[in-house]
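Notes for the one structure printed next.
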Amino acid sequence: VQLQASGGGLVQTGDSLRLSCAASGGTFSSYALGWFRQPPGKEREFVAGISRSGSRTNRLDSVKGRFTISRDNAKNTVSLQMNSLKPEDTAVYYCASVLSAWNSGSVYVNENEYRYWGQGTQVTVSS
């Protein structure tokens with residue numbers, strides 16, 4: 001499974017960005033997906049996750065109400081819509097996937113649970 005993230009950039013506080021991650025290989029609808037981020041000088045952290053069916057999601061508390069994760073199983077893509085961006089959202093954002101064959105409703109929040117990772121896309125929010 002290969003993941004290719006895109007959509008990052010330099011924006012101002014309050015702006016919006018939409019990150020996309022295109023997957024190839026494997027059966028996309030069998031995988032739960034997630035977005036993680038690594039701020040400068042910090043550890044990578046979970047941002048949002050979505051079950052393979054798309055029926056369940058989970059988000060980091062600090063992004064609730066601002067970020068939305070979604071998936072399109074027909075296009076093999078997962079997106080992260082980010083609104084009302086803040087300087088503290090500055091980070092390299094990664095998409096990740098994990099095979100979720102037995103439970104269509106599982107959402108994974110630990111990076112150790114994820115098997116496949118994209119290359120990361122930089123998001124910089126200026127104040």
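Identifiers in the structure tokens: chain A, B, ... in order shown; residue index from 1 per chain; ligand index from 1 in order shown.
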
Long-range neighbours of Gly25 (chain A) as a list in words, 12 Å cut-off, only C-alpha atoms, 4 positions minimum in chain = Val1, Gln2, Leu3, Gln4, Ser29, Ser30, Tyr31, Asn76, Ser97 and Tyr116 of chain A

Please provide as a PyMOL selection string all residues within 8 Å of Val98 (chain A), with the sequence filter that same-chain residues fewer than 4 positions apart are discarded (counting only C-alpha atoms).
-> chain A and resi 31-33+113-116

Quick one: write out the picked residues with N, CA and C atoms as a PDB file, in the first residue's frame?
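Contents of the output file again.pdb:
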ATOM      1  N   TYR A  31      -9.251  -0.736   4.816  1.00  0.00           N
ATOM      2  CA  TYR A  31      -8.289  -0.061   5.675  1.00  0.00           C
ATOM      3  C   TYR A  31      -8.933   1.082   6.459  1.00  0.00           C
ATOM      4  N   ALA A  32      -8.633   1.103   7.748  1.00  0.00           N
ATOM      5  CA  ALA A  32      -8.916   2.303   8.524  1.00  0.00           C
ATOM      6  C   ALA A  32      -7.801   3.311   8.234  1.00  0.00           C
ATOM      7  N   LEU A  33      -8.107   4.566   8.366  1.00  0.00           N
ATOM      8  CA  LEU A  33      -7.168   5.614   7.971  1.00  0.00           C
ATOM      9  C   LEU A  33      -7.022   6.657   9.063  1.00  0.00           C
ATOM     10  N   GLU A 113      -0.258   1.412  15.771  1.00  0.00           N
ATOM     11  CA  GLU A 113      -1.259   0.520  15.176  1.00  0.00           C
ATOM     12  C   GLU A 113      -1.283   0.625  13.650  1.00  0.00           C
ATOM     13  N   TYR A 114      -0.690   1.678  13.120  1.00  0.00           N
ATOM     14  CA  TYR A 114      -0.739   1.908  11.690  1.00  0.00           C
ATOM     15  C   TYR A 114       0.428   1.227  10.981  1.00  0.00           C
ATOM     16  N   ARG A 115       0.138   0.676   9.829  1.00  0.00           N
ATOM     17  CA  ARG A 115       1.133  -0.098   9.091  1.00  0.00           C
ATOM     18  C   ARG A 115       1.780   0.709   7.971  1.00  0.00           C
ATOM     19  N   TYR A 116       0.977   1.502   7.294  1.00  0.00           N
ATOM     20  CA  TYR A 116       1.475   2.200   6.105  1.00  0.00           C
ATOM     21  C   TYR A 116       1.393   3.713   6.319  1.00  0.00           C
TER      22      TYR A 116
END

For each of A:Tyr94, A:Trp102, A:Lys64, A:Ser24, take the minimum atom-to-atom distance to Met82 (chain A), counting only C-alpha atoms, then give the residue where this is smallest.
->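 Comparing A:Tyr94, A:Trp102, A:Lys64, A:Ser24 against Met82 (chain A), the winner is A:Lys64.
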
So what do you get for CA of Thr57 (chain A) versus CA of Val109 (chain A), distance-wise?
-> 10.2 Å

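When DSSP reads the backbone of this structure, the residues of chain A it assigns to helix (DSSP H, G or I) are Phe28, Ser29, Ser30, Asp61, Ser62, Val63, Pro87, Glu88, Asp89, Glu111, Asn112 and Glu113 of chain A.
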
Smallest atom-to-atom distance to Gly26 (chain A): which of A:Ser100, A:Ser79, A:Asn58, A:Ser53, using only C-alpha atoms?
-> A:Ser100

Which of these, A:Phe36, A:Thr27, A:Gly41, A:Ser70, has the shortest distance to Gln119 (chain A) once you count only C-alpha atoms?
-> A:Phe36

Write down as a VMD selection string the residues of region 16-127 of chain A whose backbone DSSP state falls under strand (DSSP E).
-> chain A and resid 17 to 24 31 to 38 45 to 50 57 to 59 67 to 72 77 to 82 91 to 99 116 to 117 121 to 126

Which residue gives the smallest distance to Leu19 (chain A) among A:Ser55, A:Ser104, A:Gln81, A:Ser62, with only C-alpha atoms counted?
-> A:Gln81

Grab the CA of Pro87 (chain A) to CA of Arg18 (chain A) distance for me, in Å with one decimal place.
->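 Calculated distance between CA of Pro87 (chain A) and CA of Arg18 (chain A) is 16.2 Å.
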
List the spatial neighbours of Pro40 (chain A) as a short mmCIF file (atom, residue, chain, number, x, y, z; two decimals) with N, CA, C and O atoms, in the first residue's frame - criterion: any atom at most 12 Å away, only C-alpha atoms, same-chain residues fewer than 3 positions off excluded.
data_model
loop_
_atom_site.label_atom_id
_atom_site.label_comp_id
_atom_site.auth_asym_id
_atom_site.auth_seq_id
_atom_site.Cartn_x
_atom_site.Cartn_y
_atom_site.Cartn_z
N ARG A 37 0.32 14.36 12.89
CA ARG A 37 1.15 15.52 12.61
C ARG A 37 2.34 15.56 13.56
O ARG A 37 2.27 15.05 14.67
N GLU A 43 6.98 15.43 19.28
CA GLU A 43 6.65 14.09 18.85
C GLU A 43 5.45 14.11 17.90
O GLU A 43 4.63 15.04 17.92
N ARG A 44 5.37 13.09 17.10
CA ARG A 44 4.22 12.96 16.22
C ARG A 44 2.98 12.65 17.04
O ARG A 44 3.06 11.88 18.00
N GLU A 45 1.85 13.22 16.65
CA GLU A 45 0.61 13.03 17.41
C GLU A 45 -0.56 12.73 16.48
O GLU A 45 -0.58 13.14 15.32
N PRO A 87 -1.58 29.01 14.53
CA PRO A 87 -0.13 28.76 14.43
C PRO A 87 0.28 27.43 15.06
O PRO A 87 1.21 26.77 14.57
N GLU A 88 -0.41 27.01 16.09
CA GLU A 88 -0.07 25.73 16.74
C GLU A 88 -0.43 24.52 15.89
O GLU A 88 -0.10 23.39 16.25
N ASP A 89 -1.10 24.74 14.78
CA ASP A 89 -1.38 23.64 13.85
C ASP A 89 -0.20 23.41 12.89
O ASP A 89 -0.22 22.46 12.10
N THR A 90 0.79 24.27 12.97
CA THR A 90 1.97 24.12 12.11
C THR A 90 2.66 22.80 12.40
O THR A 90 3.00 22.49 13.54
N ALA A 91 2.84 22.02 11.35
CA ALA A 91 3.42 20.67 11.51
C ALA A 91 3.57 20.03 10.14
O ALA A 91 3.03 20.52 9.14
N VAL A 92 4.29 18.93 10.14
CA VAL A 92 4.24 18.03 8.98
C VAL A 92 3.10 17.05 9.23
O VAL A 92 3.05 16.42 10.29
N TYR A 93 2.21 16.95 8.28
CA TYR A 93 1.04 16.09 8.41
C TYR A 93 1.24 14.82 7.60
O TYR A 93 1.65 14.86 6.44
N GLN A 122 3.84 19.53 4.51
CA GLN A 122 4.08 20.60 5.47
C GLN A 122 2.91 21.59 5.48
O GLN A 122 2.47 22.08 4.43
N VAL A 123 2.44 21.87 6.68
CA VAL A 123 1.44 22.92 6.88
C VAL A 123 2.05 23.96 7.81
O VAL A 123 2.50 23.63 8.91
N THR A 124 2.10 25.19 7.35
CA THR A 124 2.64 26.28 8.14
C THR A 124 1.59 27.37 8.26
O THR A 124 1.08 27.86 7.24
#
